[in-house]
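So this block is work.txt, compact mmCIF, C-alpha atoms:
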# COMPACT_ATOMS: atom_id res chain seq x y z
CA MET K 15 1.84 39.87 -48.90
CA SER K 16 4.39 38.46 -51.38
CA LYS K 17 6.83 40.48 -53.49
CA LYS K 18 4.91 39.46 -56.65
CA PHE K 19 1.69 40.89 -55.19
CA ILE K 20 3.35 44.21 -54.33
CA ILE K 21 4.93 44.59 -57.80
CA SER K 22 1.65 43.64 -59.50
CA SER K 23 -0.24 46.19 -57.41
CA ILE K 24 2.23 48.95 -58.32
CA VAL K 25 2.08 48.10 -62.06
CA ALA K 26 -1.74 47.86 -62.06
CA THR K 27 -2.03 51.16 -60.21
CA PHE K 28 0.33 52.89 -62.66
CA ILE K 29 -1.61 51.57 -65.69
CA MET K 30 -4.96 52.65 -64.21
CA ILE K 31 -3.71 56.14 -63.30
CA THR K 32 -2.23 56.79 -66.76
CA PHE K 33 -5.37 55.35 -68.42
CA PHE K 34 -7.66 57.71 -66.47
CA ILE K 35 -5.37 60.69 -67.14
CA VAL K 36 -5.40 60.06 -70.90
CA LYS K 37 -9.17 59.38 -70.91
CA THR K 38 -9.80 62.60 -68.97
CA PHE K 39 -7.69 64.65 -71.40
CA VAL K 40 -9.62 63.11 -74.35
CA LEU K 41 -13.00 63.96 -72.76
CA LEU K 42 -11.83 67.52 -72.05
CA GLY K 43 -10.60 67.90 -75.62
CA VAL K 44 -6.99 68.45 -74.62
CA ILE K 45 -5.94 65.36 -76.61
CA PRO K 46 -7.73 64.51 -79.88
CA CYS K 47 -9.32 61.05 -80.00
CA ILE K 48 -7.01 59.74 -82.72
CA LYS K 49 -6.36 56.08 -83.50
CA LEU K 50 -3.11 56.05 -81.48
CA VAL K 51 -5.00 57.12 -78.35
CA GLN K 52 -7.60 54.41 -78.93
CA TRP K 53 -4.86 51.81 -79.28
CA TYR K 54 -3.29 53.07 -76.05
CA GLU K 55 -6.61 52.69 -74.21
CA TYR K 56 -7.08 49.20 -75.61
CA LEU K 57 -3.56 48.07 -74.71
CA SER K 58 -3.89 49.58 -71.21
CA VAL K 59 -6.87 47.32 -70.52
CA ILE K 60 -5.01 44.29 -71.92
CA PHE K 61 -1.83 44.92 -69.92
CA PHE K 62 -3.85 45.73 -66.78
CA MET K 63 -5.30 42.20 -66.85
CA ILE K 64 -1.86 40.62 -66.29
CA PRO K 65 -1.04 42.21 -62.87
CA PHE K 66 -4.76 42.04 -61.99
CA TYR K 67 -4.60 38.26 -62.47
CA PHE K 68 -1.63 37.96 -60.08
CA ILE K 69 -3.36 40.20 -57.52
CA MET K 70 -6.55 38.10 -57.59
CA GLU K 71 -4.51 34.87 -57.40
CA GLU K 72 -2.77 36.12 -54.24
CA LEU K 73 -6.02 37.33 -52.65
CA ILE K 74 -7.76 34.01 -53.34
CA LYS K 75 -4.78 32.12 -51.91
CA LYS K 76 -4.80 34.26 -48.75
CA SER K 77 -8.56 33.84 -48.42
CA ARG K 78 -8.22 30.05 -48.60
CA GLU K 79 -5.40 30.09 -46.03
CA ASN K 80 -7.48 32.24 -43.69
CA LYS K 81 -10.49 29.93 -44.07
CA GLN K 82 -8.27 26.90 -43.44
CA GLY K 83 -6.79 28.60 -40.36
CA ILE K 84 -10.26 29.38 -39.05
CA LYS K 85 -11.36 25.78 -39.65
CA SER K 86 -8.25 24.46 -37.86
CA THR K 87 -8.85 26.80 -34.92
CA GLU K 88 -12.50 25.79 -34.75
CA ALA K 89 -11.54 22.09 -34.89
CA LEU K 90 -9.00 22.54 -32.11
CA LEU K 91 -11.50 24.45 -30.00
CA ASP K 92 -14.23 21.90 -30.71
CA ASP K 93 -11.99 19.02 -29.56
CA SER K 94 -10.70 20.68 -26.39
CA ALA K 95 -13.54 22.85 -25.06
CA LEU K 96 -17.22 22.64 -24.17
CA ILE K 97 -19.05 24.93 -26.60
CA SER K 98 -22.70 25.92 -26.52
CA LYS K 99 -24.98 28.55 -28.01
CA ALA K 100 -28.30 29.84 -26.72
CA ASP K 101 -30.97 32.24 -27.91
CA ARG K 102 -31.78 35.53 -26.17
CA HIS K 103 -34.03 33.68 -23.72
CA GLY K 104 -31.25 31.29 -22.71
CA LYS K 105 -32.62 28.26 -24.56
CA ILE K 106 -29.83 26.03 -25.87
CA THR K 107 -29.54 26.00 -29.68
CA PHE K 108 -26.19 24.25 -30.11
CA VAL K 109 -23.81 22.04 -28.10
CA ASN K 110 -20.66 20.27 -29.29
CA ASP K 111 -19.63 16.67 -28.57
CA LYS K 112 -17.32 17.67 -25.70
CA PHE K 113 -20.21 19.44 -23.97
CA CYS K 114 -22.33 16.28 -24.20
CA GLU K 115 -19.44 14.09 -23.03
CA VAL K 116 -18.73 16.09 -19.88
CA SER K 117 -22.36 16.92 -18.99
CA GLY K 118 -23.51 13.34 -19.56
CA TYR K 119 -26.54 14.45 -21.59
CA LYS K 120 -27.39 13.51 -25.17
CA ARG K 121 -27.65 16.38 -27.65
CA HIS K 122 -31.44 16.02 -28.01
CA GLU K 123 -31.80 16.22 -24.21
CA LEU K 124 -30.12 19.62 -24.19
CA LEU K 125 -31.43 21.42 -27.27
CA GLY K 126 -34.29 23.75 -26.46
CA LYS K 127 -33.61 23.51 -22.72
CA ASP K 128 -32.21 26.13 -20.36
CA HIS K 129 -28.68 25.95 -18.90
CA VAL K 130 -30.38 25.91 -15.50
CA MET K 131 -30.59 22.11 -15.86
CA LEU K 132 -26.79 22.11 -15.25
CA ASN K 133 -26.98 24.47 -12.27
CA SER K 134 -25.38 22.91 -9.20
CA GLY K 135 -26.85 25.49 -6.83
CA THR K 136 -23.33 26.39 -5.72
CA HIS K 137 -23.41 30.00 -6.90
CA PRO K 138 -25.68 32.73 -5.50
CA LYS K 139 -28.21 34.64 -7.64
CA GLU K 140 -25.90 37.69 -7.74
CA PHE K 141 -23.28 35.56 -9.53
CA TRP K 142 -25.56 35.09 -12.54
CA VAL K 143 -26.93 38.65 -12.40
CA ASN K 144 -23.35 39.84 -12.84
CA MET K 145 -22.96 37.51 -15.84
CA TYR K 146 -26.07 38.91 -17.61
CA SER K 147 -25.04 42.47 -16.81
CA THR K 148 -21.51 41.97 -18.18
CA VAL K 149 -22.63 40.19 -21.35
CA ILE K 150 -25.77 42.16 -22.29
CA LYS K 151 -25.49 45.60 -20.71
CA TYR K 152 -21.74 46.14 -21.15
CA LYS K 153 -21.34 43.80 -24.16
CA SER K 154 -18.18 42.33 -22.60
CA ILE K 155 -16.89 38.79 -22.16
CA TRP K 156 -17.71 37.28 -18.76
CA ASN K 157 -15.16 34.84 -17.32
CA GLU K 158 -15.55 32.91 -14.07
CA ILE K 159 -14.97 29.46 -12.57
CA VAL K 160 -18.34 27.69 -12.50
CA THR K 161 -19.44 24.55 -10.69
CA ASN K 162 -22.00 22.61 -12.77
CA LYS K 163 -23.84 19.36 -12.21
CA ASN K 164 -23.88 16.54 -14.78
CA LYS K 165 -26.72 14.13 -15.57
CA ARG K 166 -25.56 11.74 -12.82
CA GLY K 167 -25.79 14.54 -10.25
CA GLU K 168 -21.99 14.82 -9.94
CA GLU K 169 -20.37 18.22 -9.83
CA TYR K 170 -17.81 19.27 -12.42
CA ILE K 171 -15.78 22.47 -12.59
CA VAL K 172 -15.41 24.59 -15.71
CA ASN K 173 -13.57 27.79 -16.52
CA SER K 174 -16.33 29.63 -18.42
CA TRP K 175 -16.26 32.42 -20.98
CA VAL K 176 -19.64 33.83 -22.06
CA MET K 177 -20.27 36.53 -24.66
CA GLY K 178 -23.42 37.95 -26.20
CA GLU K 179 -24.46 37.86 -29.86
CA PHE K 180 -25.93 41.05 -31.31
CA ASP K 181 -27.49 41.84 -34.69
CA ASN K 182 -26.58 44.76 -36.97
CA GLN K 183 -28.83 47.09 -34.97
CA GLY K 184 -27.09 46.11 -31.72
CA LYS K 185 -30.06 44.10 -30.48
CA HIS K 186 -29.19 41.14 -28.26
CA VAL K 187 -30.03 37.87 -30.02
CA GLY K 188 -28.18 35.15 -28.07
CA PHE K 189 -25.19 33.80 -26.14
CA ILE K 190 -22.02 31.93 -27.01
CA SER K 191 -20.27 29.99 -24.25
CA VAL K 192 -16.86 28.32 -24.20
CA ARG K 193 -15.86 26.27 -21.18
CA GLN K 194 -12.70 24.40 -20.18
CA ASP K 195 -13.14 21.35 -17.96
CA ILE K 196 -10.79 21.86 -14.98
CA THR K 197 -12.38 19.35 -12.60
CA GLU K 198 -9.23 17.26 -12.14
CA LEU K 199 -7.03 20.34 -11.76
CA TYR K 200 -9.44 21.73 -9.16
CA LYS K 201 -9.43 18.44 -7.24
CA GLN K 202 -5.62 18.43 -7.29
CA LYS K 203 -5.64 22.01 -6.01
CA LEU K 204 -7.94 21.05 -3.13
CA ASP K 205 -5.77 18.00 -2.38
CA ILE K 206 -2.63 20.17 -2.30
CA GLU K 207 -4.38 22.68 -0.03
CA LYS K 208 -5.39 19.84 2.32
CA LYS K 209 -1.86 18.44 2.39
CA ASN K 210 -0.47 21.93 2.91
CA SER K 211 -2.75 22.35 5.92
CA TYR K 212 -1.32 19.08 7.33
CA LEU K 213 2.22 20.34 6.69
CA GLU K 214 1.37 23.66 8.29
CA HIS K 215 0.02 21.87 11.36
CA ALA K 216 3.10 19.64 11.50
CA ALA K 217 5.29 22.75 11.24
CA LYS K 218 3.46 24.34 14.19
CA ILE K 219 4.01 21.20 16.28
CA LEU K 220 7.67 21.15 15.29
CA ARG K 221 8.26 24.85 15.92
CA HIS K 222 6.54 24.94 19.30
CA ASP K 223 6.30 21.50 20.93
CA MET K 224 9.54 19.94 19.65
CA HIS K 225 11.37 23.20 20.33
CA SER K 226 10.52 22.87 24.02
CA GLY K 227 11.83 19.31 24.22
CA ILE K 228 15.01 19.70 22.17
CA ASN K 229 16.06 23.17 23.27
CA THR K 230 14.70 23.36 26.82
CA TYR K 231 13.75 20.17 28.68
CA ILE K 232 16.45 17.76 27.48
CA PRO K 233 19.35 20.28 27.88
CA ARG K 234 18.08 21.15 31.38
CA GLY K 235 17.80 17.45 32.22
CA ILE K 236 21.39 16.77 31.13
CA SER K 237 22.69 19.82 33.03
CA SER K 238 20.76 18.79 36.16
CA LEU K 239 22.09 15.23 35.94
CA LYS K 240 25.68 16.42 35.57
CA ARG K 241 25.31 18.74 38.59
CA ARG K 242 24.10 15.87 40.73
CA LEU K 243 26.90 13.59 39.56
CA ASN K 244 30.39 15.01 39.93
CA ASP K 245 33.19 13.85 37.63
CA ASP K 246 34.31 11.14 40.06
CA LYS K 247 30.80 9.72 40.38
CA ILE K 248 30.38 9.78 36.58
CA LYS K 249 33.63 7.82 36.21
CA GLU K 250 32.61 5.42 38.97
CA LEU K 251 29.29 4.71 37.27
CA LYS K 252 31.06 4.46 33.89
CA ILE K 253 28.57 6.75 32.17
CA GLU K 254 31.01 9.19 30.50
CA SER K 255 30.42 7.62 27.07
CA PRO K 256 26.61 7.44 27.36
CA LEU K 257 26.51 11.08 28.52
CA LYS K 258 28.75 12.15 25.66
CA LEU K 259 26.56 10.28 23.16
CA ILE K 260 23.44 11.91 24.59
CA GLU K 261 25.02 15.37 24.36
CA GLU K 262 26.27 14.78 20.81
CA GLY K 263 22.89 13.33 19.81
CA LEU K 264 21.14 16.36 21.29
CA SER K 265 23.50 18.71 19.48
CA HIS K 266 22.82 16.93 16.18
CA ALA K 267 19.05 16.94 16.82
CA GLN K 268 19.17 20.68 17.51
CA LYS K 269 20.96 21.29 14.20
CA VAL K 270 18.44 19.15 12.34
CA TYR K 271 15.59 20.93 14.12
CA THR K 272 16.99 24.32 13.12
CA GLY K 273 17.28 23.19 9.49
CA VAL K 274 13.69 21.90 9.42
CA LYS K 275 12.52 25.11 11.09
CA GLU K 276 14.19 27.12 8.32
CA PHE K 277 12.40 24.97 5.72
CA THR K 278 9.05 25.74 7.34
CA ASN K 279 9.91 29.45 7.14
CA LEU K 280 10.34 29.19 3.36
CA VAL K 281 6.76 28.02 2.75
CA LYS K 282 5.33 31.23 4.19
CA LYS K 283 3.98 33.82 1.78
CA ASP K 284 6.61 36.38 0.71
CA ALA K 285 9.23 34.48 2.75
CA ARG K 286 12.84 35.61 2.53
CA LEU K 287 15.85 33.49 3.34
CA ASP K 288 17.50 34.59 6.58
CA LYS K 289 21.24 34.88 5.82
CA SER K 290 24.30 36.12 7.66
CA PRO K 291 28.09 36.13 7.01
CA ASN K 292 29.61 32.72 7.81
CA ASN K 293 32.98 31.05 7.45
CA LEU K 294 31.83 28.14 5.30
CA SER K 295 34.59 25.73 6.32
CA GLN K 296 33.95 26.39 10.02
CA ILE K 297 30.16 25.92 9.93
CA LEU K 298 30.54 22.72 7.90
CA LYS K 299 33.09 21.29 10.35
CA ASP K 300 30.83 22.16 13.29
CA TYR K 301 27.84 20.60 11.55
CA LEU K 302 29.65 17.37 10.69
CA LYS K 303 31.61 16.82 13.90
CA THR K 304 28.85 14.75 15.52
CA THR K 305 28.26 12.53 12.49
CA ASN K 306 29.74 9.06 12.20
CA TYR K 307 31.26 9.89 8.81
CA SER K 308 33.07 13.12 9.73
CA SER K 309 36.46 11.35 9.47
CA GLN K 310 35.72 10.58 5.80
CA VAL K 311 35.24 14.25 4.92
CA LYS K 312 38.19 16.55 4.27
CA ILE K 313 37.35 20.26 4.37
CA ASP K 314 39.90 22.82 3.16
CA GLU K 315 39.83 26.51 4.04
CA LEU K 316 36.88 28.01 2.20
CA VAL K 317 35.45 31.53 1.97
CA VAL K 318 33.14 33.75 4.02
CA ARG K 319 29.70 34.22 2.48
CA ASP K 320 26.19 35.30 3.45
CA VAL K 321 24.31 32.02 3.91
CA ASN K 322 21.59 30.48 6.01
CA GLU K 323 23.82 28.29 8.17
CA SER K 324 21.36 25.44 8.78
CA LEU K 325 20.08 25.14 5.22
CA PHE K 326 23.50 25.55 3.59
CA CYS K 327 24.98 22.84 5.82
CA THR K 328 21.97 20.59 5.14
CA ALA K 329 22.48 20.94 1.39
CA ILE K 330 26.22 20.19 1.54
CA ASP K 331 25.57 17.30 3.94
CA ASN K 332 23.17 15.75 1.40
CA LEU K 333 25.89 15.96 -1.26
CA ILE K 334 28.45 14.43 1.13
CA ARG K 335 26.18 11.51 2.05
CA ASN K 336 25.44 10.83 -1.62
CA GLY K 337 29.18 10.80 -2.35
CA LEU K 338 29.75 8.25 0.42
CA LYS K 339 26.59 6.23 -0.22
CA TYR K 340 26.99 5.65 -3.94
CA ASN K 341 30.60 4.65 -3.57
CA ASP K 342 32.26 1.27 -4.09
CA SER K 343 35.79 2.35 -3.13
CA LYS K 344 37.53 0.68 -0.20
CA SER K 345 38.35 4.03 1.34
CA LYS K 346 35.36 6.33 0.76
CA VAL K 347 36.21 10.00 0.97
CA VAL K 348 34.70 13.38 0.16
CA HIS K 349 36.91 16.43 -0.35
CA ILE K 350 35.48 19.96 -0.08
CA TYR K 351 37.68 22.76 -1.38
CA LYS K 352 37.49 26.08 -3.21
CA GLU K 353 38.36 26.31 -6.90
CA ASP K 354 38.40 30.10 -6.62
CA ASP K 355 36.85 32.72 -4.35
CA ASN K 356 33.45 32.19 -5.98
CA THR K 357 33.45 28.42 -6.48
CA ILE K 358 33.24 25.54 -4.01
CA ILE K 359 33.90 21.94 -5.07
CA VAL K 360 32.42 18.84 -3.41
CA GLU K 361 34.43 15.94 -4.84
CA ASP K 362 34.09 12.24 -4.03
CA ASN K 363 35.74 9.02 -5.22
CA GLY K 364 32.45 7.17 -5.82
CA ARG K 365 30.82 5.78 -8.96
CA GLY K 366 30.62 9.14 -10.68
CA MET K 367 27.69 11.16 -11.92
CA SER K 368 27.69 12.75 -15.36
CA LYS K 369 26.05 16.05 -16.25
CA GLU K 370 23.14 14.12 -17.83
CA ASP K 371 22.73 11.91 -14.73
CA PHE K 372 22.83 15.00 -12.52
CA GLU K 373 20.02 16.66 -14.48
CA GLU K 374 17.93 13.47 -14.36
CA TYR K 375 18.42 12.72 -10.65
CA SER K 376 17.80 16.38 -9.80
CA LYS K 377 14.12 15.70 -10.40
CA PRO K 378 12.16 14.83 -7.22
CA TYR K 379 11.61 11.14 -6.44
CA THR K 380 13.89 10.05 -9.31
CA ARG K 381 16.21 7.13 -8.65
CA LYS K 382 18.36 4.91 -10.84
CA GLU K 383 16.63 1.75 -12.01
CA GLY K 384 17.90 -1.34 -10.18
CA GLN K 385 19.72 0.75 -7.59
CA LYS K 386 20.59 -1.36 -4.54
CA GLU K 387 20.83 1.53 -2.09
CA GLY K 388 17.65 2.77 -0.43
CA GLY K 389 16.45 6.37 -0.53
CA THR K 390 13.63 8.71 -1.48
CA GLY K 391 15.24 10.42 -4.48
CA LEU K 392 14.81 13.82 -2.84
CA GLY K 393 18.24 14.64 -1.38
CA LEU K 394 19.81 16.07 -4.54
CA ASN K 395 16.63 17.93 -5.49
CA ILE K 396 16.48 19.58 -2.06
CA SER K 397 20.18 20.50 -2.16
CA ILE K 398 19.74 22.22 -5.52
CA ALA K 399 16.63 24.03 -4.28
CA ILE K 400 18.52 25.34 -1.24
CA MET K 401 21.42 26.57 -3.37
CA ARG K 402 19.01 28.35 -5.70
CA GLU K 403 17.35 30.04 -2.72
CA HIS K 404 20.79 31.44 -1.93
CA GLY K 405 21.27 32.55 -5.54
CA PHE K 406 23.97 29.90 -6.09
CA THR K 407 24.20 27.56 -9.11
CA ILE K 408 25.21 23.92 -8.93
CA SER K 409 26.51 21.56 -11.62
CA SER K 410 28.21 18.18 -11.86
CA GLU K 411 30.83 16.35 -13.91
CA LYS K 412 32.05 12.76 -13.85
CA LEU K 413 35.74 12.21 -13.08
CA GLU K 414 37.99 9.54 -14.54
CA PRO K 415 38.53 6.78 -13.56
CA CYS K 416 35.91 7.35 -10.85
CA GLY K 417 34.31 10.05 -8.77
CA THR K 418 32.02 13.04 -9.03
CA LYS K 419 32.94 16.73 -8.97
CA ILE K 420 30.05 18.93 -7.92
CA LYS K 421 30.65 22.62 -8.56
CA ILE K 422 28.82 25.31 -6.58
CA LYS K 423 29.08 28.83 -7.99
CA LEU K 424 28.51 31.35 -5.22
In structure tokens, write the structure found in this file.
Amino acid sequence: MSKKFIISSIVATFIMITFFIVKTFVLLGVIPCIKLVQWYEYLSVIFFMIPFYFIMEELIKKSRENKQGIKSTEALLDDSALISKADRHGKITFVNDKFCEVSGYKRHELLGKDHVMLNSGTHPKEFWVNMYSTVIKYKSIWNEIVTNKNKRGEEYIVNSWVMGEFDNQGKHVGFISVRQDITELYKQKLDIEKKNSYLEHAAKILRHDMHSGINTYIPRGISSLKRRLNDDKIKELKIESPLKLIEEGLSHAQKVYTGVKEFTNLVKKDARLDKSPNNLSQILKDYLKTTNYSSQVKIDELVVRDVNESLFCTAIDNLIRNGLKYNDSKSKVVHIYKEDDNTIIVEDNGRGMSKEDFEEYSKPYTRKEGQKEGGTGLGLNISIAIMREHGFTISSEKLEPCGTKIKIKL
């Protein structure tokens, strides 16, 4: 309430109390009913009307605001939800436009009918028994996800709230139902679950079948070949370079496999990132040594931190490749160094990425319009996600005249 209302209430209360005190004393004969007393009583009524007017004005204003708020809430609810009412026998007495729109029925086709005409047959009898028990016996609000069937015979999903209506004697007289159409959300959920099952199956293949090939059969094959061919024979056949390429390719594939395996671990329920103390400069150099761009990356002495080696290196590698890819310099280079014991910098001499660009391209599948380089728009997003899994923060600033400085706070 306003300050004016409070002051008016205090003044009105004071006038009324003094009026009744004086009137009581007059009736008891304590004070004689002289003309002065009569004037006091008269003026008390007159002066009481002034604060009373302000009090009534405030109450009427509040009442109008409350009614307007209720109307606005009802309008919002009417536009966004499926609303229906039914009598105690379940016969429909009211439906709003949204109900008709989603169900496919005209209003006259629904009024006087039972909600059973929308029953999809999906839910068992016990489902509805529980609804009646909750609403009528316990006088509580029942809330469940319900599958209904529209006029065309198509199923639609609604999040339903049902409550009972009772008269002054507590007798049950009807039902009020509010439903939210979640059909599209439910379909998306099923689609995600289906895709997740595919990913889970792919992860099983990767973790078991590819593991055997990359970490068992191919290494054994290379070892067996080298045993059968001594160094002289290898030189004679001129296969030193092919063997070296195969070994380096295998080493790189094993690192990639380990990184992907760690990603599949993270999708498990209650998964925790497996971390151990690592010299960051050493693991990055080992990771990059088999790449064709290792000579373009300068790594200073960094710090020792608890990280997941495969995922941390994957994240930094994504940042390195972006720095080299989006780079028009003649000599492309990425420099990794520590700013302090808790900050690592990944700096390139490319086109430069501002803080705003960084935030925009951090979103999945987001790429710059008209960009000539190919890509999925996922690399930066994944790198940030990996750093966050470690509890690290990552930011970016554009350097002048060119280049990007990506800061990783450990």
Need the shell around Thr136 (chain K): protein/DNA/RNA residues with any atom at most 10 Å away, counting only C-alpha atoms. Skip same-chain ones fewer than 6 positions apart. Format as number ranges by chain?
K: 160-163, 169
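Atom pair CA of Gly167 (chain K) / CA of Glu115 (chain K) has a distance of 14.3 Å (rounded to one decimal).
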What lies within 10 Å of region 299-315 of chain K using only C-alpha atoms, ignoring chain neighbours under 3 positions off, as a PyMOL selection string?
chain K and resi 259+261-266+269-270+293-296+318+323-324+327-328+331+334-335+338+345-352+360-362
Which of these residues is nearest to Ser58 (chain K), using all atoms listed in the file: K:Met70, K:Ile150, K:Leu42, K:Ile29?
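Nearest to Ser58 (chain K): K:Ile29.
For Leu125 (chain K), the non-local neighbours within 10 Å, defined as residues at least 6 positions apart in the same chain or in other chains and counting only C-alpha atoms, are K:Ser98, K:Lys99, K:Ala100, K:Lys105, K:Ile106, K:Thr107, K:Phe108, K:Val109.
As for CA of Lys165 (chain K) and CA of Asn110 (chain K), they are spaced 16.2 Å apart.
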